[in-house]
>>> print(open('my_file_0.tsv').read())   # TSV, C-alpha atoms
chain	number	residue	atom	x	y	z
A	7	TYR	CA	186.62	-85.89	254.86
A	8	GLU	CA	182.90	-85.66	254.19
A	9	ILE	CA	181.19	-84.99	250.87
A	10	PRO	CA	178.58	-82.25	251.47
A	11	LEU	CA	175.01	-83.48	250.98
A	12	ARG	CA	174.17	-80.39	248.91
A	13	LEU	CA	176.47	-81.75	246.17
A	14	VAL	CA	174.69	-85.08	245.81
A	15	GLY	CA	172.53	-83.78	242.96
A	16	SER	CA	175.56	-82.82	240.90
A	17	GLU	CA	177.60	-85.67	239.44
A	18	MET	CA	180.47	-83.34	238.53
A	19	CYS	CA	180.72	-81.93	242.05
A	20	ILE	CA	180.71	-85.40	243.57
A	21	ARG	CA	183.49	-86.53	241.22
A	22	ASP	CA	185.43	-83.38	242.04
A	23	SER	CA	185.09	-84.17	245.76
A	24	LEU	CA	186.18	-87.78	245.23
A	25	MET	CA	189.24	-86.60	243.31
A	26	ALA	CA	190.14	-84.25	246.17
A	27	LEU	CA	189.75	-87.11	248.67
A	28	GLU	CA	192.03	-89.43	246.70
A	29	ILE	CA	194.67	-86.73	246.25
A	30	SER	CA	194.55	-86.03	249.99
A	31	LYS	CA	195.15	-89.72	250.72
A	32	ILE	CA	198.19	-89.80	248.43
A	33	ILE	CA	199.63	-86.66	249.99
A	34	THR	CA	199.07	-88.06	253.49
A	35	ASP	CA	200.99	-91.22	252.54
A	36	TRP	CA	203.94	-89.17	251.29
A	37	VAL	CA	204.23	-86.77	254.24
A	38	PRO	CA	206.53	-88.14	256.99
A	39	ALA	CA	205.29	-88.20	260.58
A	40	ARG	CA	206.33	-85.26	262.79
A	41	SER	CA	207.58	-83.27	259.78
A	42	LYS	CA	207.43	-79.51	259.22
A	43	VAL	CA	204.98	-78.78	256.39
A	44	ILE	CA	203.85	-75.69	254.53
A	45	ASP	CA	200.77	-75.79	252.27
A	46	PHE	CA	200.63	-73.08	249.60
A	47	GLY	CA	197.02	-72.38	248.64
A	48	CYS	CA	195.79	-74.34	251.67
A	49	GLY	CA	192.10	-73.49	251.14
A	50	ASP	CA	190.03	-74.15	254.26
A	51	GLY	CA	192.88	-76.00	255.95
A	52	SER	CA	191.29	-79.47	255.75
A	53	LEU	CA	194.43	-81.15	254.44
A	54	LEU	CA	196.67	-79.61	257.09
A	55	LYS	CA	194.17	-80.48	259.82
A	56	ASP	CA	194.12	-84.09	258.67
A	57	LEU	CA	197.95	-84.22	258.55
A	58	ILE	CA	198.15	-82.76	262.06
A	59	ASN	CA	195.72	-85.39	263.34
A	60	THR	CA	197.19	-88.39	261.51
A	61	LYS	CA	200.89	-87.56	261.14
A	62	ASN	CA	201.45	-85.18	264.05
A	63	ILE	CA	203.04	-82.62	261.73
A	64	CYS	CA	203.88	-78.99	262.43
A	65	GLY	CA	201.81	-77.35	259.70
A	66	TYR	CA	201.45	-73.87	258.26
A	67	GLY	CA	199.11	-72.65	255.54
A	68	VAL	CA	199.37	-69.84	253.00
A	69	GLU	CA	196.12	-68.53	251.55
A	70	ILE	CA	194.79	-65.32	250.01
A	71	ASP	CA	191.01	-65.94	250.19
A	72	HIS	CA	189.64	-64.29	253.35
A	73	GLN	CA	186.78	-66.78	253.72
A	74	MET	CA	189.18	-69.69	253.51
A	75	ILE	CA	191.50	-68.02	256.02
A	76	ASP	CA	188.60	-67.72	258.47
A	77	LYS	CA	187.87	-71.43	258.06
A	78	CYS	CA	191.53	-72.25	258.72
A	79	ILE	CA	191.42	-70.23	261.92
A	80	GLU	CA	188.25	-72.05	262.98
A	81	LYS	CA	190.15	-75.33	262.58
A	82	GLY	CA	193.08	-74.02	264.61
A	83	ILE	CA	195.41	-73.93	261.60
A	84	SER	CA	198.29	-71.45	261.54
A	85	VAL	CA	197.69	-69.53	258.33
A	86	ILE	CA	199.37	-66.56	256.67
A	87	GLU	CA	197.66	-64.27	254.15
A	88	LYS	CA	199.92	-64.14	251.10
A	89	ASP	CA	199.76	-64.03	247.33
A	90	ILE	CA	201.72	-67.16	246.36
A	91	ASP	CA	203.16	-65.53	243.22
A	92	LYS	CA	204.72	-62.77	245.31
A	93	GLY	CA	205.26	-64.36	248.70
A	94	ILE	CA	207.01	-67.74	248.41
A	95	GLN	CA	210.47	-66.22	248.72
A	96	ASP	CA	209.52	-64.86	252.16
A	97	PHE	CA	209.74	-68.42	253.51
A	98	GLU	CA	213.09	-69.46	251.98
A	99	LEU	CA	214.92	-69.44	255.33
A	100	SER	CA	212.26	-71.49	257.10
A	101	ASN	CA	213.67	-74.97	256.28
A	102	PHE	CA	210.51	-77.04	255.82
A	103	ASP	CA	210.54	-80.80	255.26
A	104	ILE	CA	207.66	-80.74	252.78
A	105	ALA	CA	206.02	-77.97	250.74
A	106	ILE	CA	202.62	-78.70	249.22
A	107	MET	CA	200.89	-77.05	246.29
A	108	ALA	CA	197.73	-79.00	245.54
A	109	SER	CA	195.73	-77.89	242.49
A	110	SER	CA	197.24	-74.41	242.60
A	111	ILE	CA	200.30	-74.52	240.33
A	112	GLN	CA	198.25	-73.84	237.18
A	113	CYS	CA	196.79	-70.69	238.78
A	114	LEU	CA	200.16	-68.99	239.20
A	115	LYS	CA	201.70	-66.40	236.88
A	116	ASN	CA	205.13	-68.06	237.02
A	117	PRO	CA	204.76	-71.72	238.07
A	118	ASN	CA	208.37	-72.58	237.18
A	119	ILE	CA	209.71	-69.88	239.50
A	120	ALA	CA	207.28	-70.93	242.24
A	121	MET	CA	208.45	-74.56	242.07
A	122	ARG	CA	212.11	-73.53	242.20
A	123	ARG	CA	211.42	-71.42	245.28
A	124	MET	CA	209.43	-74.22	246.91
A	125	LEU	CA	212.44	-76.51	246.64
A	126	ARG	CA	214.69	-73.87	248.15
A	127	LEU	CA	212.59	-73.69	251.31
A	128	SER	CA	211.88	-77.43	251.64
A	129	ASN	CA	213.56	-80.79	251.13
A	130	LYS	CA	210.66	-82.10	249.02
A	131	CYS	CA	207.56	-80.65	247.44
A	132	ILE	CA	204.26	-82.18	246.43
A	133	VAL	CA	202.52	-80.78	243.36
A	134	THR	CA	199.20	-81.84	241.88
A	135	LEU	CA	197.85	-80.64	238.56
A	136	PRO	CA	194.99	-81.28	236.13
A	137	ASN	CA	196.11	-82.82	232.85
A	138	PHE	CA	195.10	-80.67	229.89
A	139	GLY	CA	196.13	-83.53	227.60
A	140	TYR	CA	193.42	-85.81	229.03
A	141	TRP	CA	191.37	-87.36	226.23
A	142	LYS	CA	188.14	-85.66	227.28
A	143	CYS	CA	189.91	-82.29	227.12
A	144	ARG	CA	191.12	-83.15	223.62
A	145	LEU	CA	187.59	-84.08	222.50
A	146	ALA	CA	186.13	-80.89	223.93
A	147	LEU	CA	188.73	-78.81	222.09
A	148	LEU	CA	188.03	-80.70	218.86
A	149	ALA	CA	184.37	-79.79	219.35
A	150	GLY	CA	185.38	-76.16	219.69
A	151	LYS	CA	184.75	-75.93	223.46
A	152	MET	CA	186.88	-75.39	226.53
A	153	PRO	CA	186.86	-78.63	228.53
A	154	VAL	CA	185.08	-79.18	231.84
A	155	THR	CA	186.24	-82.28	233.72
A	156	PRO	CA	186.46	-83.46	237.36
A	157	SER	CA	189.96	-81.95	237.48
A	158	LEU	CA	188.88	-78.81	235.57
A	159	PRO	CA	185.37	-78.27	236.95
A	160	SER	CA	184.97	-74.55	236.22
A	161	SER	CA	183.73	-73.00	233.00
A	162	TRP	CA	186.22	-70.87	231.06
A	163	TYR	CA	184.69	-67.64	232.39
A	164	GLU	CA	184.88	-68.78	236.04
A	165	THR	CA	188.26	-70.50	236.17
A	166	GLU	CA	191.32	-69.13	237.97
A	167	ASN	CA	193.65	-71.23	235.81
A	168	LEU	CA	196.34	-69.29	233.95
A	169	HIS	CA	198.82	-71.94	232.81
A	170	LEU	CA	197.20	-75.25	231.96
A	171	CYS	CA	199.58	-77.97	230.82
A	172	THR	CA	199.76	-81.64	229.95
A	173	ILE	CA	201.55	-84.35	231.91
A	174	SER	CA	204.31	-84.31	229.27
A	175	ASP	CA	204.64	-80.52	229.55
A	176	PHE	CA	205.02	-80.69	233.32
A	177	GLU	CA	207.58	-83.48	233.26
A	178	LYS	CA	209.60	-81.61	230.63
A	179	LEU	CA	209.58	-78.57	232.92
A	180	CYS	CA	210.88	-80.75	235.76
A	181	SER	CA	213.62	-82.15	233.55
A	182	ASP	CA	214.64	-78.76	232.16
A	183	SER	CA	214.67	-77.21	235.65
A	184	GLY	CA	216.63	-80.03	237.31
A	185	PHE	CA	213.77	-81.18	239.55
A	186	ILE	CA	213.86	-84.86	240.49
A	187	ILE	CA	210.57	-86.76	240.28
A	188	ASP	CA	210.74	-89.13	243.27
A	189	GLU	CA	207.17	-90.39	242.98
A	190	ARG	CA	204.28	-89.89	240.59
A	191	ILE	CA	200.71	-91.17	240.64
A	192	PHE	CA	198.17	-90.68	237.88
A	193	LEU	CA	194.41	-90.73	238.45
A	194	ASN	CA	191.66	-91.25	235.90
A	195	SER	CA	188.32	-89.41	235.87
A	196	SER	CA	186.96	-91.90	238.42
A	197	SER	CA	189.71	-90.84	240.85
A	198	LYS	CA	191.34	-94.27	240.49
A	199	LYS	CA	194.86	-95.40	239.63
A	200	GLY	CA	193.72	-97.01	236.41
A	201	VAL	CA	195.90	-99.16	234.15
A	202	LEU	CA	195.53	-96.88	231.12
A	203	ALA	CA	196.23	-93.78	233.21
A	204	SER	CA	199.45	-95.41	234.44
A	205	ILE	CA	200.60	-96.63	231.00
A	206	MET	CA	199.64	-93.56	228.93
A	207	PRO	CA	199.12	-90.76	231.46
A	208	ASN	CA	199.33	-87.91	228.96
A	209	ILE	CA	196.11	-89.16	227.35
A	210	PHE	CA	194.26	-91.14	230.02
A	211	ALA	CA	195.19	-89.43	233.31
A	212	SER	CA	192.84	-86.72	234.52
A	213	GLU	CA	195.17	-85.67	237.34
A	214	GLY	CA	198.88	-86.00	238.13
A	215	VAL	CA	200.28	-86.09	241.66
A	216	TYR	CA	204.04	-85.59	242.04
A	217	LEU	CA	206.60	-85.80	244.81
A	218	LEU	CA	209.58	-83.72	243.73
A	219	GLY	CA	213.11	-83.41	245.08
A	220	LYS	CA	216.19	-81.42	244.17
A	221	LYS	CA	219.63	-82.42	242.99
>>> encode(input="my_file_0.tsv", output="structure tokens")
Amino acid sequence: YEIPLRLVGSEMCIRDSLMALEISKIITDWVPARSKVIDFGCGDGSLLKDLINTKNICGYGVEIDHQMIDKCIEKGISVIEKDIDKGIQDFELSNFDIAIMASSIQCLKNPNIAMRRMLRLSNKCIVTLPNFGYWKCRLALLAGKMPVTPSLPSSWYETENLHLCTISDFEKLCSDSGFIIDERIFLNSSSKKGVLASIMPNIFASEGVYLLGKK
């Protein structure tokens, strides 16, 4: 992956890019070689392209943005135009090894239903999410402002987020829904696996990355 030079003048954009790079590395480590993968909200297809090149996967993307779909096609990625909220169930008979939803779960109308459906169509799923309990978010709210962080880079009037949650909220949802957390990694605002982020993730983690299974 390459950080665009046009972002060099913006510290927030650079941090956002670094966070995306680190998350991509974690996901790549968790995806088995030669597996069948579907990426919901695949964007421009960069993650799938990297997984195809490094892990020899059979990959499919689901995206609704026409510009992103065009970029997927340019990369040779098999992509389907679908609204994730309405279309996940269409893949339930496809039997994927891994389903990925990176930085999209908070944009859905019914994230709990989406996760349940993801685990019906795949053996495992990878979910990443910004932590609304992160200490900088808390400070911003105390100051009477909606937070802007590397994991939540958009202003309140530009964001697509519908259901922001904390690390504790997400893990309670997993517990209540019977999802098994096989792996979890917490990243701080520097896109690192910091000690504080690992010990007290609900306060010091900017982003959570989860590998989920089913009972």
>>> residues_around(input="my_file_0.tsv", residues="segment 117-123 of chain A", least_positions_apart="4", cutoff="10 Å", atoms="only C-alpha atoms", output="PyMOL selection string")
chain A and resi 90-98+105+107+110-113+127-128+131-133+168-169+176+179-180+183-185+218+220
>>> closest_atom_pairs(input="my_file_0.tsv", of="segment 60-85 of chain A", to="segment 43-53 of chain A", cutoff="6 Å", atoms="all atoms listed in the file", output="tab-separated table")
residue	atom	partner	partner_atom	distance
A:Gly65	CA	A:Val43	CA	4.8
A:Tyr66	CA	A:Ile44	CA	4.8
A:Gly67	CA	A:Asp45	CA	4.8
A:Val68	CA	A:Phe46	CA	4.9
A:Glu69	CA	A:Gly47	CA	4.9
A:Met74	CA	A:Asp50	CA	4.6
A:Lys77	CA	A:Asp50	CA	5.1
A:Cys78	CA	A:Gly51	CA	4.9
>>> closest_residue(input="my_file_0.tsv", among="A:Asn137, A:Thr34, A:Ser174, A:Thr155", to="Ala211 of chain A", atoms="all atoms listed in the file")
A:Asn137
>>> atom_distance(input="my_file_0.tsv", atom1="atom CA of Ser100 of chain A", atom2="atom CA of Gly82 of chain A")
20.8 Å
>>> closest_residue(input="my_file_0.tsv", among="A:Ile29, A:Ile63, A:Val37, A:Ile79", to="Phe192 of chain A", atoms="all atoms listed in the file")
A:Ile29
>>> closest_residue(input="my_file_0.tsv", among="A:Gly139, A:Gly214, A:Pro38, A:Pro207", to="Cys171 of chain A", atoms="all atoms listed in the file")
A:Gly139
>>> atom_distance(input="my_file_0.tsv", atom1="atom CA of Leu99 of chain A", atom2="atom CA of Asn116 of chain A")
20.8 Å
>>> atom_distance(input="my_file_0.tsv", atom1="atom CA of Glu87 of chain A", atom2="atom CA of Asp71 of chain A")
7.9 Å
>>> residues_around(input="my_file_0.tsv", residues="Asn194 of chain A", least_positions_apart="2", cutoff="9 Å", atoms="all atoms listed in the file", output="list in words")
Tyr140, Phe192, Ser196, Ser197, Lys198, Lys199, Gly200, Leu202, Ala203, Ser204, Pro207, Phe210, Ala211, Ser212 and Glu213 of chain A
>>> closest_residue(input="my_file_0.tsv", among="A:Cys64, A:Ile75, A:Ile86, A:Ile70", to="Asp103 of chain A", atoms="only C-alpha atoms")
A:Cys64
>>> decode(input="my_file_0.tsv", residues="segment 101-126 of chain A", atoms="N, CA, C and O atoms", output="CSV table (one decimal), in the first residue's frame")
chain,number,residue,atom,x,y,z
A,101,ASN,N,-21.0,-20.4,1.2
A,101,ASN,CA,-20.0,-21.2,1.9
A,101,ASN,C,-18.6,-20.6,1.8
A,101,ASN,O,-17.7,-21.2,1.3
A,102,PHE,N,-18.4,-19.4,2.3
A,102,PHE,CA,-17.1,-18.7,2.3
A,102,PHE,C,-16.3,-19.2,3.6
A,102,PHE,O,-16.9,-19.6,4.6
A,103,ASP,N,-15.0,-19.1,3.5
A,103,ASP,CA,-14.2,-19.4,4.6
A,103,ASP,C,-14.1,-18.2,5.6
A,103,ASP,O,-14.2,-18.3,6.8
A,104,ILE,N,-14.0,-17.0,5.0
A,104,ILE,CA,-13.9,-15.8,5.7
A,104,ILE,C,-14.7,-14.7,5.1
A,104,ILE,O,-14.7,-14.5,3.9
A,105,ALA,N,-15.5,-14.0,6.0
A,105,ALA,CA,-16.2,-12.8,5.6
A,105,ALA,C,-15.5,-11.6,6.3
A,105,ALA,O,-15.2,-11.7,7.4
A,106,ILE,N,-15.3,-10.5,5.5
A,106,ILE,CA,-14.7,-9.3,6.1
A,106,ILE,C,-15.6,-8.1,6.0
A,106,ILE,O,-16.3,-7.9,5.0
A,107,MET,N,-15.6,-7.4,7.1
A,107,MET,CA,-16.3,-6.1,7.2
A,107,MET,C,-15.4,-5.1,7.9
A,107,MET,O,-15.5,-5.0,9.1
A,108,ALA,N,-14.6,-4.4,7.1
A,108,ALA,CA,-13.6,-3.5,7.7
A,108,ALA,C,-14.2,-2.1,7.7
A,108,ALA,O,-14.4,-1.5,6.7
A,109,SER,N,-14.3,-1.5,8.9
A,109,SER,CA,-14.8,-0.1,9.1
A,109,SER,C,-16.1,0.1,8.4
A,109,SER,O,-16.3,1.3,7.9
A,110,SER,N,-17.0,-0.8,8.4
A,110,SER,CA,-18.3,-0.7,7.8
A,110,SER,C,-19.4,-1.0,8.7
A,110,SER,O,-20.5,-0.5,8.5
A,111,ILE,N,-19.2,-1.7,9.8
A,111,ILE,CA,-20.2,-2.2,10.6
A,111,ILE,C,-21.0,-1.1,11.2
A,111,ILE,O,-22.3,-1.2,11.4
A,112,GLN,N,-20.4,0.0,11.6
A,112,GLN,CA,-21.0,1.1,12.2
A,112,GLN,C,-21.9,1.9,11.3
A,112,GLN,O,-22.6,2.8,11.7
A,113,CYS,N,-21.8,1.7,10.0
A,113,CYS,CA,-22.5,2.4,8.9
A,113,CYS,C,-23.8,1.7,8.6
A,113,CYS,O,-24.7,2.2,7.8
A,114,LEU,N,-24.1,0.5,9.2
A,114,LEU,CA,-25.2,-0.3,8.8
A,114,LEU,C,-26.4,0.1,9.7
A,114,LEU,O,-26.3,0.5,10.9
A,115,LYS,N,-27.6,-0.2,9.2
A,115,LYS,CA,-28.8,0.1,9.9
A,115,LYS,C,-29.0,-1.0,11.0
A,115,LYS,O,-29.5,-0.7,12.1
A,116,ASN,N,-28.7,-2.2,10.7
A,116,ASN,CA,-28.8,-3.3,11.7
A,116,ASN,C,-27.6,-4.1,11.8
A,116,ASN,O,-27.5,-5.2,11.2
A,117,PRO,N,-26.5,-3.6,12.4
A,117,PRO,CA,-25.2,-4.3,12.5
A,117,PRO,C,-25.3,-5.7,13.1
A,117,PRO,O,-24.6,-6.6,12.7
A,118,ASN,N,-26.2,-5.9,14.1
A,118,ASN,CA,-26.3,-7.2,14.8
A,118,ASN,C,-26.9,-8.3,13.8
A,118,ASN,O,-26.4,-9.4,13.7
A,119,ILE,N,-27.8,-7.9,13.0
A,119,ILE,CA,-28.4,-8.8,12.0
A,119,ILE,C,-27.3,-9.1,10.9
A,119,ILE,O,-27.2,-10.2,10.5
A,120,ALA,N,-26.6,-8.1,10.5
A,120,ALA,CA,-25.5,-8.2,9.5
A,120,ALA,C,-24.5,-9.2,10.0
A,120,ALA,O,-24.0,-10.1,9.2
A,121,MET,N,-24.1,-9.1,11.2
A,121,MET,CA,-23.0,-10.0,11.7
A,121,MET,C,-23.5,-11.5,11.8
A,121,MET,O,-22.8,-12.4,11.5
A,122,ARG,N,-24.8,-11.6,12.2
A,122,ARG,CA,-25.4,-13.0,12.3
A,122,ARG,C,-25.4,-13.6,10.9
A,122,ARG,O,-25.1,-14.8,10.7
A,123,ARG,N,-25.8,-12.8,9.9
A,123,ARG,CA,-25.8,-13.3,8.5
A,123,ARG,C,-24.4,-13.6,8.0
A,123,ARG,O,-24.2,-14.5,7.2
A,124,MET,N,-23.5,-12.8,8.4
A,124,MET,CA,-22.1,-13.0,7.9
A,124,MET,C,-21.6,-14.4,8.4
A,124,MET,O,-20.9,-15.1,7.7
A,125,LEU,N,-22.0,-14.7,9.6
A,125,LEU,CA,-21.5,-16.0,10.2
A,125,LEU,C,-22.3,-17.2,9.7
A,125,LEU,O,-22.0,-18.3,10.0
A,126,ARG,N,-23.4,-16.9,9.0
A,126,ARG,CA,-24.1,-18.0,8.4
A,126,ARG,C,-23.5,-18.4,7.0
A,126,ARG,O,-23.5,-19.5,6.6
